[in-house]
Amino acid sequence: ATPVSVMVGSGKAAELGVLFGGGRALEQLHRVDVVALDKTGTLTAGRPTLTALHLSPTAAWTESEVLALAASAEAGSDHPIAHALLTAAQERELALTAATGLVTEAGYGLTAQVGGHRVQLGAEQYMARLGLDTSSWGAALAELGQQAATPVFVAVDGQPAALLGVSDPLKPGSREAVAELHRQGYRVMMVTGDSQATARAIAAQVGLDPDREVRAEVLPADKAAAVEDLQAQGLKVAMVGDGINDAPALARADVGVALGTGTDVAAQTADVLLMSGDLRGVPNAAALSAATLRNIR
Ligand code: ADP
Ligand code: MG
């Protein structure tokens, strides 16, 4: 992948808000076999809200206390989950405490000290990495998965105190974009750091086969490797994403497609930039690529 430098294509491309970074991108997009889509911020709005809170029956904390600790710990993070928890705490008018010693682990979660307590938040794998037992949370986890909510454990002083669910609604055009890409003959996949259950539920909502087309629990550092795996199978890959953690995968893909609503890092790494966050820009861009090639020949 090469960075977006010049804008090419017809006036139609500009009209559709599609910027091609040179003739190569315009030519290559039509030739890919697989379109791999990031989930958070690409298929979904990227603005999750808190929708569930399962308190441990043995927790020494109330729901409000756990949420206040969690939001306080997330105050220094710019992850969408942090935004969801801070908004929820604000809506409930909970008082936050300044956190210290924040350590974030990309793709896992974070740890911070809040008012003398060690607060650790994140995915099930993060708890496992910390050596914390979540085996009694199976039913709550399954429920969140069915709701397509992302599970976020909150451990206080080394004890899982609650399991939160944050939900990120689909963007309006996502399902239609996937259907159109399928009509155009592309294989469409999802690559995400989110849990298997949540990823599968979202996949089903947008019309992707959860058994075949979902790569979940992929660490940010491994998204590019997921693209390489497909390329190793002889497939040409377009990767579509919006976040900093998508940038290496966009660079590795045969064609990297960034959403203009995402981070600058993603945009700078991409071959194609979609000015709007609407995923229907992807099949539109593919159609332009196909039409341009027909004109060239
Ligand atoms: P995505 O691919 O959906 O953007 P990430 O790779 O950023 O996801 O994160 C993967 C998972 O790690 C999240 O679904 C969440 O469970 C956990 N996680 C990461 N960062 C945080 C955070 N700041 N707070 C809580 N959980 C987090
Ligand atoms: Mg994203």
# chains A, B, ... in the order shown; residues from 1 in each chain; ligands from 1
$ residues_near_ligand --ligand "ligand 1" --cutoff "9 Å" --atoms "only C-alpha atoms and all ligand atoms" --output "ChimeraX atom specification"
/A:38-41,46,70,73-74,76-83,85,104-111,120-126,150-154,191-195,198-199,216-221,223,243,245-246
$ write_last_selection --atoms "C-alpha atoms" --output "compact mmCIF listing (two decimals), in the first residue's frame"
# COMPACT_ATOMS: atom_id res chain seq x y z
CA ASP A 38 -12.60 -3.74 10.71
CA LYS A 39 -15.60 -3.80 13.07
CA THR A 40 -15.43 -0.93 15.57
CA GLY A 41 -15.80 2.41 13.79
CA GLY A 46 -17.61 3.46 16.95
CA ALA A 70 -14.19 1.97 36.08
CA ALA A 73 -9.64 4.41 35.52
CA GLU A 74 -10.65 5.06 31.88
CA GLY A 76 -6.97 8.90 30.61
CA SER A 77 -7.82 6.53 27.74
CA ASP A 78 -9.17 7.51 24.33
CA HIS A 79 -10.56 4.05 23.56
CA PRO A 80 -14.24 4.02 22.50
CA ILE A 81 -14.97 1.88 25.58
CA ALA A 82 -13.50 4.61 27.78
CA HIS A 83 -15.84 7.10 26.16
CA LEU A 85 -18.00 4.41 30.51
CA THR A 104 -2.88 0.47 28.85
CA GLU A 105 -2.45 -2.80 27.00
CA ALA A 106 -3.56 -2.50 23.39
CA GLY A 107 -6.24 -5.03 22.54
CA TYR A 108 -6.61 -6.12 26.14
CA GLY A 109 -7.52 -3.31 28.53
CA LEU A 110 -5.94 -1.18 31.22
CA THR A 111 -4.88 -0.96 34.84
CA GLN A 120 -8.26 -3.43 36.03
CA LEU A 121 -10.62 -3.32 33.07
CA GLY A 122 -10.79 -5.20 29.86
CA ALA A 123 -11.48 -8.30 27.84
CA GLU A 124 -11.73 -11.83 29.22
CA GLN A 125 -8.22 -12.46 27.85
CA TYR A 126 -6.93 -9.53 29.86
CA THR A 150 -18.70 -6.12 24.00
CA PRO A 151 -17.79 -7.61 27.38
CA VAL A 152 -15.64 -5.51 29.71
CA PHE A 153 -14.60 -7.02 33.04
CA VAL A 154 -13.91 -4.71 35.96
CA VAL A 191 -11.28 -8.63 11.41
CA THR A 192 -11.67 -7.38 14.99
CA GLY A 193 -10.13 -7.31 18.42
CA ASP A 194 -13.54 -7.87 19.98
CA SER A 195 -14.66 -11.18 21.53
CA THR A 198 -19.77 -10.29 19.92
CA ALA A 199 -18.02 -10.42 16.55
CA ALA A 216 -12.06 -12.15 16.22
CA GLU A 217 -9.84 -11.48 19.23
CA VAL A 218 -7.13 -10.28 16.86
CA LEU A 219 -4.64 -8.09 18.72
CA PRO A 220 -3.89 -4.70 17.12
CA ALA A 221 -0.36 -5.91 16.35
CA LYS A 223 -4.26 -7.33 12.22
CA GLY A 243 -8.29 3.39 13.59
CA ASN A 245 -4.64 -0.04 15.17
CA ASP A 246 -5.77 -0.65 11.57
$ select_by_dssp --residues "region 4-211 of chain A" --states "strand (DSSP E or B)" --output "ChimeraX atom specification"
/A:7-8,18-21,34-38,44,49-55,99-105,109-114,117-122,150-156,159-167,170,187-191
$ closest_atom_pairs --of "region 129-192 of chain A" --to "region 23-35 of chain A" --cutoff "7 Å" --atoms "only C-alpha atoms" --output "Markdown table"
| residue | atom | partner | partner_atom | distance |
| --- | --- | --- | --- | --- |
| A:Tyr186 | CA | A:Asp33 | CA | 5.6 |
| A:Arg187 | CA | A:Val34 | CA | 4.7 |
| A:Val188 | CA | A:Val35 | CA | 4.8 |
| A:Met189 | CA | A:Val35 | CA | 6.3 |
$ closest_residue --among "A:Gly262, A:Pro210, A:Pro57, A:Gly281" --to "ligand 2" --atoms "only C-alpha atoms and all ligand atoms"
A:Gly262
$ closest_residue --among "A:Val206, A:Val18, A:Ile244, A:Val237" --to "ligand 2" --atoms "only C-alpha atoms and all ligand atoms"
A:Ile244
$ closest_residue --among "A:Gly21, A:Pro283, A:Gly277, A:Gly115" --to "ligand 2" --atoms "only C-alpha atoms and all ligand atoms"
A:Gly277
$ select_by_dssp --residues "region 4-212 of chain A" --states "alpha helix (DSSP H)" --output "count of residues only"
73
$ residues_around --residues "Ala253 (chain A)" --least-positions-apart "2" --cutoff "7 Å" --atoms "only C-alpha atoms" --output "NGL selection string"
:A and (1 or 227 or 237-239 or 249-251 or 255-256)
$ write_last_selection --atoms "C-alpha atoms" --output "short mmCIF file (atom, residue, chain, number, x, y, z; two decimals), in the first residue's frame"
data_model
loop_
_atom_site.label_atom_id
_atom_site.label_comp_id
_atom_site.auth_asym_id
_atom_site.auth_seq_id
_atom_site.Cartn_x
_atom_site.Cartn_y
_atom_site.Cartn_z
CA ALA A 1 0.00 0.00 0.00
CA VAL A 227 -4.08 -9.82 6.06
CA VAL A 237 -6.90 -8.26 -0.09
CA ALA A 238 -8.51 -4.87 0.41
CA MET A 239 -8.54 -3.88 4.09
CA ALA A 249 -3.08 -3.82 8.15
CA LEU A 250 -4.03 -1.05 5.69
CA ALA A 251 -0.37 -0.74 4.75
CA VAL A 255 -5.40 -1.94 -1.23
CA GLY A 256 -5.86 -0.09 2.07
#
$ atom_distance --atom1 "CA of Ala232 (chain A)" --atom2 "CA of Ala36 (chain A)"
14.8 Å
